[in-house]
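Student: You'll find target.txt just under this line, and it carries compact mmCIF, C-alpha atoms.
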# COMPACT_ATOMS: atom_id res chain seq x y z
CA MET A 1 -2.93 -0.13 -9.91
CA LEU A 2 -3.23 -3.83 -9.07
CA TRP A 3 -1.91 -3.56 -5.55
CA LYS A 4 -4.43 -0.81 -4.69
CA LEU A 5 -7.27 -2.91 -5.93
CA LEU A 6 -5.98 -5.96 -4.11
CA MET A 7 -5.68 -4.08 -0.84
CA ARG A 8 -9.38 -3.25 -1.02
CA SER A 9 -10.54 -6.72 -1.82
CA GLN A 10 -8.86 -9.39 0.28
CA PRO A 11 -10.81 -10.30 3.42
CA CYS A 12 -8.26 -12.59 5.09
CA ARG A 13 -4.86 -11.84 6.58
CA LEU A 14 -4.50 -8.62 4.63
CA CYS A 15 -7.58 -7.19 6.34
CA SER A 16 -6.04 -7.78 9.71
CA PHE A 17 -2.97 -5.82 8.62
CA ARG A 18 -5.11 -3.00 7.24
CA LYS A 19 -7.06 -2.79 10.49
CA MET A 20 -3.85 -2.70 12.44
CA LEU A 21 -2.43 0.06 10.24
CA SER A 22 -5.60 2.15 10.27
CA ALA A 23 -6.25 1.80 13.99
CA PRO A 24 -7.73 4.90 15.66
CA GLN A 25 -5.03 7.38 16.50
CA TYR A 26 -5.53 7.41 20.21
CA ARG A 27 -2.76 8.08 22.56
CA PRO A 28 -1.60 4.66 23.82
CA PHE A 29 -0.99 3.55 20.21
CA LEU A 30 1.46 6.36 19.60
CA VAL A 31 3.36 6.82 22.82
CA SER A 32 4.12 4.77 25.86
CA PHE A 33 2.40 7.06 28.38
CA THR A 34 -0.75 6.42 30.39
CA TYR A 35 -3.74 8.78 30.30
CA THR A 36 -5.78 9.32 33.42
CA THR A 37 -9.10 11.10 33.79
CA ASP A 38 -9.16 12.00 37.46
CA ASN A 39 -10.69 15.29 38.62
CA GLN A 40 -7.40 17.17 38.67
CA SER A 41 -6.48 16.19 35.12
CA ASN A 42 -9.76 17.42 33.63
CA LYS A 43 -8.46 20.99 33.61
CA GLU A 44 -6.30 22.14 30.72
CA ASN A 45 -2.68 22.97 31.38
CA GLU A 46 -2.69 26.74 30.89
CA ARG A 47 1.07 26.92 30.33
CA THR A 48 0.80 24.34 27.55
CA VAL A 49 -2.04 26.21 25.88
CA GLU A 50 -0.17 29.52 26.12
CA LYS A 51 3.00 28.06 24.58
CA LEU A 52 1.02 26.54 21.73
CA TYR A 53 -0.71 29.89 21.09
CA LYS A 54 2.71 31.55 20.82
CA LEU A 55 3.58 29.04 18.07
CA SER A 56 0.36 29.97 16.20
CA VAL A 57 -1.10 26.50 16.75
CA ASP A 58 -4.87 26.25 16.30
CA ILE A 59 -5.89 25.08 19.77
CA ARG A 60 -9.45 24.43 18.61
CA LYS A 61 -8.25 21.65 16.32
CA ILE A 62 -6.42 19.97 19.18
CA ARG A 63 -9.41 20.31 21.51
CA ARG A 64 -11.69 18.81 18.88
CA LEU A 65 -9.48 15.89 17.91
CA LYS A 66 -7.18 15.10 20.86
CA GLY A 67 -8.05 17.39 23.71
CA TRP A 68 -6.60 15.02 26.30
CA VAL A 69 -3.10 16.21 25.32
CA LEU A 70 -3.90 19.62 26.80
CA LEU A 71 -4.69 18.03 30.18
CA GLU A 72 -1.17 16.73 30.73
CA ASP A 73 0.83 18.25 33.57
CA GLU A 74 4.18 17.66 31.89
CA THR A 75 4.66 18.76 28.27
CA TYR A 76 7.59 19.77 26.10
CA VAL A 77 6.13 22.32 23.69
CA GLU A 78 9.16 24.60 23.47
CA GLU A 79 11.67 21.74 23.43
CA ILE A 80 9.94 19.92 20.56
CA ALA A 81 9.53 23.17 18.63
CA ASN A 82 13.24 23.92 19.10
CA ILE A 83 14.25 20.49 17.77
CA LEU A 84 12.10 21.04 14.67
CA GLN A 85 13.55 24.54 14.22
CA GLN A 86 17.09 23.17 14.45
CA LEU A 87 16.23 20.79 11.63
CA GLY A 88 15.13 23.75 9.52
CA ALA A 89 11.34 23.55 9.87
CA GLU A 90 9.52 26.85 9.35
CA GLU A 91 7.07 28.26 11.89
CA THR A 92 4.02 27.38 9.78
CA ALA A 93 5.29 23.82 9.36
CA ILE A 94 5.84 23.44 13.11
CA ALA A 95 2.33 24.70 13.85
CA SER A 96 0.87 22.28 11.29
CA ILE A 97 2.82 19.34 12.73
CA LEU A 98 1.66 20.05 16.28
CA GLU A 99 -1.95 20.52 15.17
CA ARG A 100 -2.02 17.18 13.37
CA CYS A 101 0.06 15.31 15.94
CA PRO A 102 -0.27 17.07 19.31
CA GLU A 103 1.07 13.91 20.99
CA ALA A 104 4.48 15.24 19.99
CA ILE A 105 4.50 17.65 22.94
CA ILE A 106 4.39 14.81 25.49
CA CYS A 107 7.36 12.99 23.96
CA SER A 108 10.58 13.59 25.86
CA PRO A 109 13.20 15.64 23.98
CA THR A 110 15.75 12.89 24.62
CA ALA A 111 13.57 10.31 22.87
CA ILE A 112 12.91 12.69 19.97
CA ASN A 113 16.62 13.34 19.49
CA ILE A 114 17.21 9.59 19.35
CA GLN A 115 14.40 9.32 16.81
CA ARG A 116 15.96 12.12 14.76
CA GLU A 117 19.32 10.32 14.70
CA LEU A 118 17.58 7.10 13.69
CA TRP A 119 15.72 8.67 10.76
CA GLN A 120 18.81 10.56 9.65
CA LEU A 121 20.44 7.20 8.97
CA VAL A 122 18.24 6.93 5.85
CA CYS A 123 17.68 10.60 4.95
CA LYS A 124 20.03 12.45 2.61
CA ASN A 125 19.91 15.62 4.67
CA GLU A 126 17.89 17.49 7.30
CA GLU A 127 15.70 19.06 4.61
CA GLU A 128 14.48 15.62 3.56
CA LEU A 129 13.94 14.65 7.20
CA VAL A 130 11.80 17.74 7.82
CA ARG A 131 9.76 16.97 4.72
CA LEU A 132 9.07 13.45 5.97
CA ILE A 133 8.08 14.70 9.43
CA GLU A 134 5.70 17.23 7.86
CA GLN A 135 4.08 14.50 5.76
CA PHE A 136 4.05 11.77 8.41
CA PRO A 137 4.28 13.38 11.87
CA GLU A 138 2.61 10.49 13.68
CA SER A 139 5.12 8.00 12.30
CA PHE A 140 8.00 10.14 13.51
CA PHE A 141 6.54 10.84 16.96
CA THR A 142 5.65 7.20 17.64
CA ILE A 143 8.24 6.53 20.32
CA LYS A 144 8.53 2.79 20.74
CA ASP A 145 11.27 0.14 20.56
CA GLN A 146 13.89 2.62 19.37
CA GLU A 147 16.80 0.22 19.77
CA ASN A 148 14.85 -2.45 17.91
CA GLN A 149 14.06 0.06 15.16
CA ARG A 150 17.74 0.91 14.83
CA LEU A 151 18.69 -2.77 14.52
CA ASN A 152 16.03 -3.30 11.85
CA VAL A 153 17.18 -0.24 9.88
CA GLN A 154 20.72 -1.62 9.93
CA PHE A 155 19.46 -5.06 8.89
CA PHE A 156 17.52 -3.65 5.92
CA LYS A 157 20.62 -1.73 4.85
CA GLU A 158 22.68 -4.93 5.00
CA LEU A 159 20.09 -6.67 2.82
CA GLY A 160 20.71 -4.06 0.16
CA LEU A 161 17.54 -1.97 0.40
CA LYS A 162 18.11 1.64 -0.63
CA ASN A 163 17.71 4.42 1.93
CA VAL A 164 14.75 5.88 0.05
CA VAL A 165 12.93 2.54 0.36
CA ILE A 166 13.74 2.20 4.07
CA SER A 167 12.52 5.76 4.72
CA ARG A 168 9.27 4.85 2.96
CA PHE A 169 8.96 1.88 5.29
CA LEU A 170 9.50 4.12 8.33
CA THR A 171 6.68 6.42 7.28
CA THR A 172 4.10 4.03 5.83
CA ALA A 173 4.95 0.60 7.25
CA SER A 174 6.39 1.43 10.66
CA ASN A 175 4.96 -1.76 12.23
CA ILE A 176 7.67 -3.88 10.62
CA PHE A 177 10.30 -1.98 12.64
CA HIS A 178 8.56 -3.02 15.84
CA ASN A 179 9.05 -6.67 14.92
CA PRO A 180 11.92 -8.19 16.90
CA ILE A 181 14.99 -8.21 14.68
CA GLU A 182 15.16 -12.01 14.89
CA LYS A 183 11.57 -12.28 13.63
CA ASN A 184 12.40 -10.21 10.52
CA LYS A 185 15.55 -12.21 9.90
CA GLN A 186 13.59 -15.45 10.17
CA MET A 187 10.96 -14.23 7.69
CA ILE A 188 13.64 -13.18 5.20
CA LYS A 189 15.23 -16.62 5.47
CA ILE A 190 11.86 -18.33 4.84
CA LEU A 191 11.21 -16.14 1.79
CA GLN A 192 14.63 -16.98 0.39
CA GLU A 193 14.11 -20.70 0.98
CA SER A 194 10.65 -20.56 -0.60
CA TYR A 195 12.03 -18.83 -3.68
CA LEU A 196 14.76 -21.43 -4.14
CA ASN A 197 12.36 -24.33 -3.48
CA LEU A 198 10.07 -22.99 -6.20
CA GLY A 199 12.89 -23.12 -8.72
CA GLY A 200 14.29 -19.62 -8.41
CA SER A 201 18.01 -19.22 -9.01
CA GLU A 202 20.55 -18.24 -6.39
CA ALA A 203 21.86 -15.54 -8.74
CA ASN A 204 18.47 -13.81 -9.00
CA MET A 205 17.36 -14.32 -5.40
CA LYS A 206 18.64 -11.02 -4.00
CA VAL A 207 17.03 -8.92 -6.75
CA TRP A 208 13.76 -10.86 -6.35
CA LEU A 209 13.74 -10.43 -2.57
CA LEU A 210 14.49 -6.70 -2.63
CA LYS A 211 11.78 -6.11 -5.22
CA LEU A 212 9.30 -8.15 -3.17
CA LEU A 213 10.02 -6.18 0.01
CA SER A 214 9.88 -2.85 -1.83
CA GLN A 215 6.46 -3.69 -3.23
CA ASN A 216 4.99 -5.10 -0.03
CA PRO A 217 6.95 -4.73 3.23
CA PHE A 218 3.94 -5.99 5.22
CA ILE A 219 4.89 -9.49 4.15
CA LEU A 220 7.22 -9.41 7.16
CA LEU A 221 4.18 -9.33 9.45
CA ASN A 222 3.18 -12.82 8.29
CA SER A 223 4.03 -16.02 10.07
CA SER A 224 6.22 -18.75 8.61
CA ALA A 225 3.38 -21.24 9.06
CA ALA A 226 1.03 -19.08 6.96
CA ILE A 227 3.52 -18.91 4.09
CA LYS A 228 4.05 -22.67 4.06
CA GLU A 229 0.31 -23.30 4.26
CA THR A 230 -0.40 -21.13 1.22
CA LEU A 231 2.36 -22.71 -0.86
CA GLU A 232 1.24 -26.25 -0.01
CA PHE A 233 -2.38 -25.42 -0.86
CA LEU A 234 -1.52 -24.13 -4.33
CA GLN A 235 0.64 -27.16 -4.99
CA GLU A 236 -2.37 -29.31 -4.09
CA GLN A 237 -4.35 -27.35 -6.71
CA SER A 238 -1.94 -28.68 -9.38
CA PHE A 239 0.01 -25.44 -9.84
CA THR A 240 3.63 -26.20 -10.70
CA ASN A 241 6.48 -24.55 -8.81
CA PHE A 242 7.19 -22.36 -11.83
CA GLU A 243 3.56 -21.25 -12.00
CA ILE A 244 3.47 -20.47 -8.28
CA LEU A 245 6.60 -18.37 -8.72
CA GLN A 246 4.82 -16.52 -11.54
CA LEU A 247 1.83 -15.83 -9.30
CA LEU A 248 4.08 -14.67 -6.49
CA SER A 249 5.82 -12.17 -8.78
CA LYS A 250 2.60 -10.86 -10.31
CA LEU A 251 0.86 -10.43 -6.96
CA LYS A 252 3.84 -8.50 -5.59
CA GLY A 253 4.08 -10.34 -2.31
CA PHE A 254 0.38 -10.09 -1.47
CA PHE A 255 0.38 -13.74 -2.48
CA PHE A 256 1.52 -14.76 1.02
CA GLN A 257 -1.32 -12.84 2.60
CA LEU A 258 -3.89 -15.15 1.03
CA CYS A 259 -5.47 -17.89 3.07
CA PRO A 260 -6.41 -21.30 1.59
CA ARG A 261 -10.08 -21.03 2.55
CA SER A 262 -10.51 -17.75 0.66
CA ILE A 263 -8.54 -19.05 -2.34
CA GLN A 264 -10.72 -22.15 -2.51
CA LYS A 265 -13.92 -20.07 -2.48
CA SER A 266 -12.63 -17.82 -5.25
CA ILE A 267 -11.53 -20.80 -7.36
CA SER A 268 -14.90 -22.52 -6.98
CA PHE A 269 -16.81 -19.36 -7.88
CA SER A 270 -14.65 -18.63 -10.94
CA LYS A 271 -14.93 -22.19 -12.22
CA ASN A 272 -18.71 -22.02 -12.02
CA ALA A 273 -18.95 -18.49 -13.48
CA PHE A 274 -16.75 -19.23 -16.48
CA LYS A 275 -18.02 -22.80 -16.99
CA CYS A 276 -14.49 -24.06 -17.54
CA THR A 277 -12.32 -27.05 -16.73
CA ASP A 278 -9.66 -27.07 -14.04
CA HIS A 279 -6.98 -26.68 -16.71
CA ASP A 280 -8.72 -23.72 -18.37
CA LEU A 281 -9.29 -22.06 -15.01
CA LYS A 282 -5.62 -22.39 -14.16
CA GLN A 283 -4.72 -20.62 -17.40
CA LEU A 284 -7.15 -17.82 -16.55
CA ILE A 285 -5.59 -17.45 -13.09
CA LEU A 286 -2.10 -17.28 -14.57
CA LYS A 287 -3.30 -14.48 -16.86
CA CYS A 288 -5.13 -12.71 -14.04
CA PRO A 289 -3.84 -13.72 -10.57
CA ALA A 290 -6.44 -11.40 -9.04
CA LEU A 291 -8.92 -14.26 -9.56
CA LEU A 292 -7.18 -15.89 -6.62
CA TYR A 293 -7.01 -12.74 -4.59
CA TYR A 294 -10.43 -11.16 -4.92
CA SER A 295 -13.20 -12.34 -2.63
CA VAL A 296 -16.32 -13.94 -4.12
CA PRO A 297 -18.50 -10.81 -3.58
CA VAL A 298 -15.96 -8.65 -5.42
CA LEU A 299 -15.65 -11.10 -8.32
CA GLU A 300 -19.41 -11.40 -8.57
CA GLU A 301 -19.88 -7.63 -8.57
CA ARG A 302 -17.32 -7.09 -11.32
CA ILE A 303 -18.55 -9.87 -13.56
CA GLN A 304 -22.15 -8.67 -13.22
CA GLY A 305 -21.03 -5.11 -13.97
CA LEU A 306 -19.41 -6.24 -17.22
CA LEU A 307 -22.42 -8.33 -18.21
CA LYS A 308 -24.72 -5.33 -17.71
CA GLU A 309 -22.60 -3.40 -20.20
CA GLY A 310 -23.25 -6.08 -22.79
CA ILE A 311 -19.88 -7.81 -22.43
CA SER A 312 -20.03 -11.58 -22.70
CA ILE A 313 -18.46 -14.25 -20.50
CA ALA A 314 -16.47 -15.35 -23.57
CA GLN A 315 -14.96 -11.87 -23.86
CA ILE A 316 -14.04 -11.84 -20.17
CA ARG A 317 -12.41 -15.26 -20.50
CA GLU A 318 -10.36 -13.94 -23.40
CA THR A 319 -9.19 -10.88 -21.42
CA PRO A 320 -9.69 -11.70 -17.71
CA MET A 321 -7.46 -8.79 -16.61
CA VAL A 322 -10.49 -6.56 -17.14
CA LEU A 323 -11.73 -7.88 -13.77
CA GLU A 324 -9.05 -5.76 -12.12
CA LEU A 325 -11.09 -2.68 -13.05
CA MET A 326 -13.75 -1.36 -10.69
CA PRO A 327 -17.27 -1.11 -12.15
CA HIS A 328 -17.35 2.71 -12.31
CA ILE A 329 -14.05 2.73 -14.20
CA VAL A 330 -15.44 0.20 -16.70
CA GLN A 331 -18.53 2.36 -17.24
CA TYR A 332 -16.46 5.50 -17.75
CA ARG A 333 -14.16 3.86 -20.28
CA ILE A 334 -17.03 2.29 -22.20
CA ARG A 335 -18.73 5.70 -22.50
CA LYS A 336 -15.52 7.24 -23.84
CA LEU A 337 -15.08 4.49 -26.40
CA ASN A 338 -18.75 4.72 -27.39
CA SER A 339 -18.26 8.43 -28.09
CA LEU A 340 -15.93 7.41 -30.91
CA GLY A 341 -18.38 4.85 -32.25
CA TYR A 342 -16.37 1.94 -30.84
CA ARG A 343 -18.73 -0.78 -29.64
CA ILE A 344 -16.91 -2.69 -26.93
CA ARG A 345 -19.47 -5.51 -26.91
CA ASP A 346 -18.62 -6.32 -30.51
CA GLY A 347 -14.86 -6.20 -30.17
CA HIS A 348 -11.91 -7.14 -28.04
CA LEU A 349 -11.59 -5.91 -24.45
CA ALA A 350 -7.92 -4.99 -24.86
CA ASN A 351 -8.84 -1.33 -25.47
CA LEU A 352 -10.84 -1.31 -22.25
CA ASN A 353 -8.11 -2.91 -20.19
CA GLY A 354 -4.95 -1.55 -18.59
CA THR A 355 -3.92 1.29 -16.30
CA LYS A 356 -5.31 4.80 -16.71
CA LYS A 357 -2.22 5.83 -18.65
CA GLU A 358 -2.43 2.80 -20.94
CA PHE A 359 -6.14 3.34 -21.58
CA GLU A 360 -5.67 7.02 -22.43
CA ALA A 361 -2.87 6.13 -24.84
CA ASN A 362 -5.06 3.52 -26.60
CA PHE A 363 -7.99 5.93 -26.65
CA GLY A 364 -5.81 8.58 -28.27
CA LYS A 365 -4.75 6.14 -31.00
CA ILE A 366 -8.37 5.18 -31.74
CA GLN A 367 -9.36 8.84 -31.78
CA ALA A 368 -6.55 9.73 -34.19
CA LYS A 369 -7.44 6.82 -36.44
CA LYS A 370 -11.09 7.92 -36.54
CA GLY A 371 -10.14 11.44 -37.57
CA ARG A 372 -7.64 10.41 -40.24
CA PRO A 373 -9.01 10.57 -43.87
CA LEU A 374 -8.79 7.43 -45.95
CA PHE A 375 -5.94 7.47 -48.49
CA ASN A 376 -5.87 5.45 -51.67
CA PRO A 377 -2.25 5.11 -52.83
CA VAL A 378 -3.21 4.21 -56.44
CA ALA A 379 -5.77 6.94 -56.98
CA PRO A 380 -4.65 9.68 -59.44
CA LEU A 381 -3.72 13.04 -57.96
CA ASN A 382 -5.37 16.15 -59.37
CA ILE A 383 -2.59 18.64 -59.75
CA GLU A 384 -3.27 22.00 -61.37
CA GLU A 385 -0.53 23.22 -63.66
Could I get this structure in the form of structure tokens?

Tutor:
Amino acid sequence: MLWKLLMRSQPCRLCSFRKMLSAPQYRPFLVSFTYTTDNQSNKENERTVEKLYKLSVDIRKIRRLKGWVLLEDETYVEEIANILQQLGAEETAIASILERCPEAIICSPTAINIQRELWQLVCKNEEELVRLIEQFPESFFTIKDQENQRLNVQFFKELGLKNVVISRFLTTASNIFHNPIEKNKQMIKILQESYLNLGGSEANMKVWLLKLLSQNPFILLNSSAAIKETLEFLQEQSFTNFEILQLLSKLKGFFFQLCPRSIQKSISFSKNAFKCTDHDLKQLILKCPALLYYSVPVLEERIQGLLKEGISIAQIRETPMVLELMPHIVQYRIRKLNSLGYRIRDGHLANLNGTKKEFEANFGKIQAKKGRPLFNPVAPLNIEE
């Protein structure tokens, strides 16, 4: 849950990554072709449209979303469909893929076959590959830096990342494969050095690194200077190396996507809101690293939301992890607890805290306890003879 909340809240380097990943799906981003709008190209390619109709593709969807694909003189509708059929894709799946990613028909069959071989390096079988293409067609049909992608796949394998993790990277974090291989190697080396400099052991370094990459592969999009800057800033804030290592582990690699200016603003706001000393604030941050990560507007909104529900600053200080919850989730959980007669403002916030699964488990225990009759072990039993 934490990483989802963090992704929504950080306004610094992380935002730039999110913008890059969610960029509009226009043609130049996906393939290396140029798109012209001269008079001749304004007319749809009738052969392309006819071939798509034969595959039961909804042409209206393509016209509405990416009509420029239908203007291309050279397309490979049948060839791309045949490649997908050879992999075992059904007709309905092929139609769905081409509707959602019509750019596929302007990719050369040669490039797609190379892409297929590349993805098969990390897929158990063709069935799994087809499933990934169905779920993430744009990732598969993004034809760019194929040799560089292959080198990066091999590098990640050599690091010890499992195929299932690498395939997840290919579908949801494809930008890291467009990094030059030397750039990724350099970043891995810096992460390893940082871990050891913070007191991590050589024996645990590989496990730590693989876990970090699995949780947040976008860390490879950072610069070495940014990582060093963040570490030095926290050391200046009197965090020990061991404490920084704790924060790094709890923030799952998003730690390196923080910028000192944002951290300083969040620290200053939290110190003022909780009326605490530097030492006390540091303890709060170690309990809830999100205090470093969330922007001031987010922190302010969440604290005010808790106060409106009758929760005190003292209660929040005791259980700061409650700040990881969005206001509407807090309201929902408080209403559920109130339905059992549990007054959150008079008690501990532990029952309000946690993931959805943890909260439901605690709620079930409270509910069962409420419905259980009191039993006095020394009271006489009335037994009829």

Student: For Phe136 (chain A), which residue out of A:Tyr293, A:Ser167, A:Tyr195, A:His279 is the nearest one, using all atoms listed in the file?

Tutor: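 Checking each of A:Tyr293, A:Ser167, A:Tyr195, A:His279 against Phe136 (chain A), counting all atoms listed in the file, the winner is A:Ser167.
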
Student: When distances are computed from all atoms listed in the file, which of A:Ile267, A:Ile311, A:Ile181, A:Ile143 shows the smallest separation from Pro289 (chain A)?

Tutor: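 Of A:Ile267, A:Ile311, A:Ile181, A:Ile143, the one nearest Pro289 (chain A) is A:Ile267, counting all atoms listed in the file.
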
Student: Check the smallest atom-to-atom distance from each of A:Pro260, A:Val330, A:Leu248, A:Arg343 to Thr355 (chain A) using only C-alpha atoms, then report the winner.

Tutor: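 Nearest to Thr355 (chain A): A:Val330.
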
Student: Rank A:Leu84, A:Ile190, A:Val296, A:Ile366 by their smallest atom-to-atom distance to Leu98 (chain A), using all atoms listed in the file, and report the top residue only.

Tutor: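 Nearest to Leu98 (chain A): A:Leu84.
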
Student: In the coordinate frame of the file, compute which residues have an atom within 12 Å of (5.7, -17.7, -8.9) when using all atoms listed in the file, and state them as a count of residues only.

Tutor: 32

Student: For region 86-99 of chain A, supply N, CA, C and O atoms and report the output as an mmCIF file, keeping the file's coordinate frame.

Tutor:
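What ended up in selection14.cif:
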data_model
loop_
_atom_site.group_PDB
_atom_site.id
_atom_site.type_symbol
_atom_site.label_atom_id
_atom_site.label_comp_id
_atom_site.auth_asym_id
_atom_site.auth_seq_id
_atom_site.Cartn_x
_atom_site.Cartn_y
_atom_site.Cartn_z
ATOM 1 N N GLN A 86 15.687 23.518 14.724
ATOM 2 C CA GLN A 86 17.090 23.170 14.450
ATOM 3 C C GLN A 86 17.237 22.360 13.176
ATOM 4 O O GLN A 86 18.259 22.433 12.493
ATOM 5 N N LEU A 87 16.200 21.576 12.858
ATOM 6 C CA LEU A 87 16.230 20.790 11.630
ATOM 7 C C LEU A 87 15.914 21.646 10.401
ATOM 8 O O LEU A 87 16.103 21.187 9.271
ATOM 9 N N GLY A 88 15.430 22.858 10.647
ATOM 10 C CA GLY A 88 15.130 23.750 9.520
ATOM 11 C C GLY A 88 13.650 23.917 9.229
ATOM 12 O O GLY A 88 13.293 24.507 8.202
ATOM 13 N N ALA A 89 12.785 23.417 10.106
ATOM 14 C CA ALA A 89 11.340 23.550 9.870
ATOM 15 C C ALA A 89 10.916 25.000 10.087
ATOM 16 O O ALA A 89 11.351 25.660 11.030
ATOM 17 N N GLU A 90 10.042 25.492 9.223
ATOM 18 C CA GLU A 90 9.520 26.850 9.350
ATOM 19 C C GLU A 90 8.411 26.891 10.391
ATOM 20 O O GLU A 90 7.864 25.855 10.785
ATOM 21 N N GLU A 91 8.073 28.106 10.834
ATOM 22 C CA GLU A 91 7.070 28.260 11.890
ATOM 23 C C GLU A 91 5.720 27.670 11.482
ATOM 24 O O GLU A 91 5.045 27.018 12.294
ATOM 25 N N THR A 92 5.315 27.915 10.230
ATOM 26 C CA THR A 92 4.020 27.380 9.780
ATOM 27 C C THR A 92 4.029 25.862 9.756
ATOM 28 O O THR A 92 3.021 25.221 10.066
ATOM 29 N N ALA A 93 5.169 25.287 9.394
ATOM 30 C CA ALA A 93 5.290 23.820 9.360
ATOM 31 C C ALA A 93 5.209 23.247 10.775
ATOM 32 O O ALA A 93 4.554 22.223 11.008
ATOM 33 N N ILE A 94 5.866 23.912 11.719
ATOM 34 C CA ILE A 94 5.840 23.440 13.110
ATOM 35 C C ILE A 94 4.422 23.488 13.654
ATOM 36 O O ILE A 94 3.956 22.544 14.307
ATOM 37 N N ALA A 95 3.710 24.581 13.378
ATOM 38 C CA ALA A 95 2.330 24.700 13.850
ATOM 39 C C ALA A 95 1.458 23.599 13.249
ATOM 40 O O ALA A 95 0.641 22.982 13.943
ATOM 41 N N SER A 96 1.651 23.323 11.955
ATOM 42 C CA SER A 96 0.870 22.280 11.290
ATOM 43 C C SER A 96 1.149 20.909 11.871
ATOM 44 O O SER A 96 0.238 20.105 12.086
ATOM 45 N N ILE A 97 2.427 20.629 12.156
ATOM 46 C CA ILE A 97 2.820 19.340 12.730
ATOM 47 C C ILE A 97 2.164 19.141 14.099
ATOM 48 O O ILE A 97 1.608 18.074 14.390
ATOM 49 N N LEU A 98 2.208 20.166 14.932
ATOM 50 C CA LEU A 98 1.660 20.050 16.280
ATOM 51 C C LEU A 98 0.139 19.997 16.286
ATOM 52 O O LEU A 98 -0.460 19.396 17.177
ATOM 53 N N GLU A 99 -0.495 20.606 15.284
ATOM 54 C CA GLU A 99 -1.950 20.520 15.170
ATOM 55 C C GLU A 99 -2.389 19.113 14.784
ATOM 56 O O GLU A 99 -3.376 18.589 15.287
#
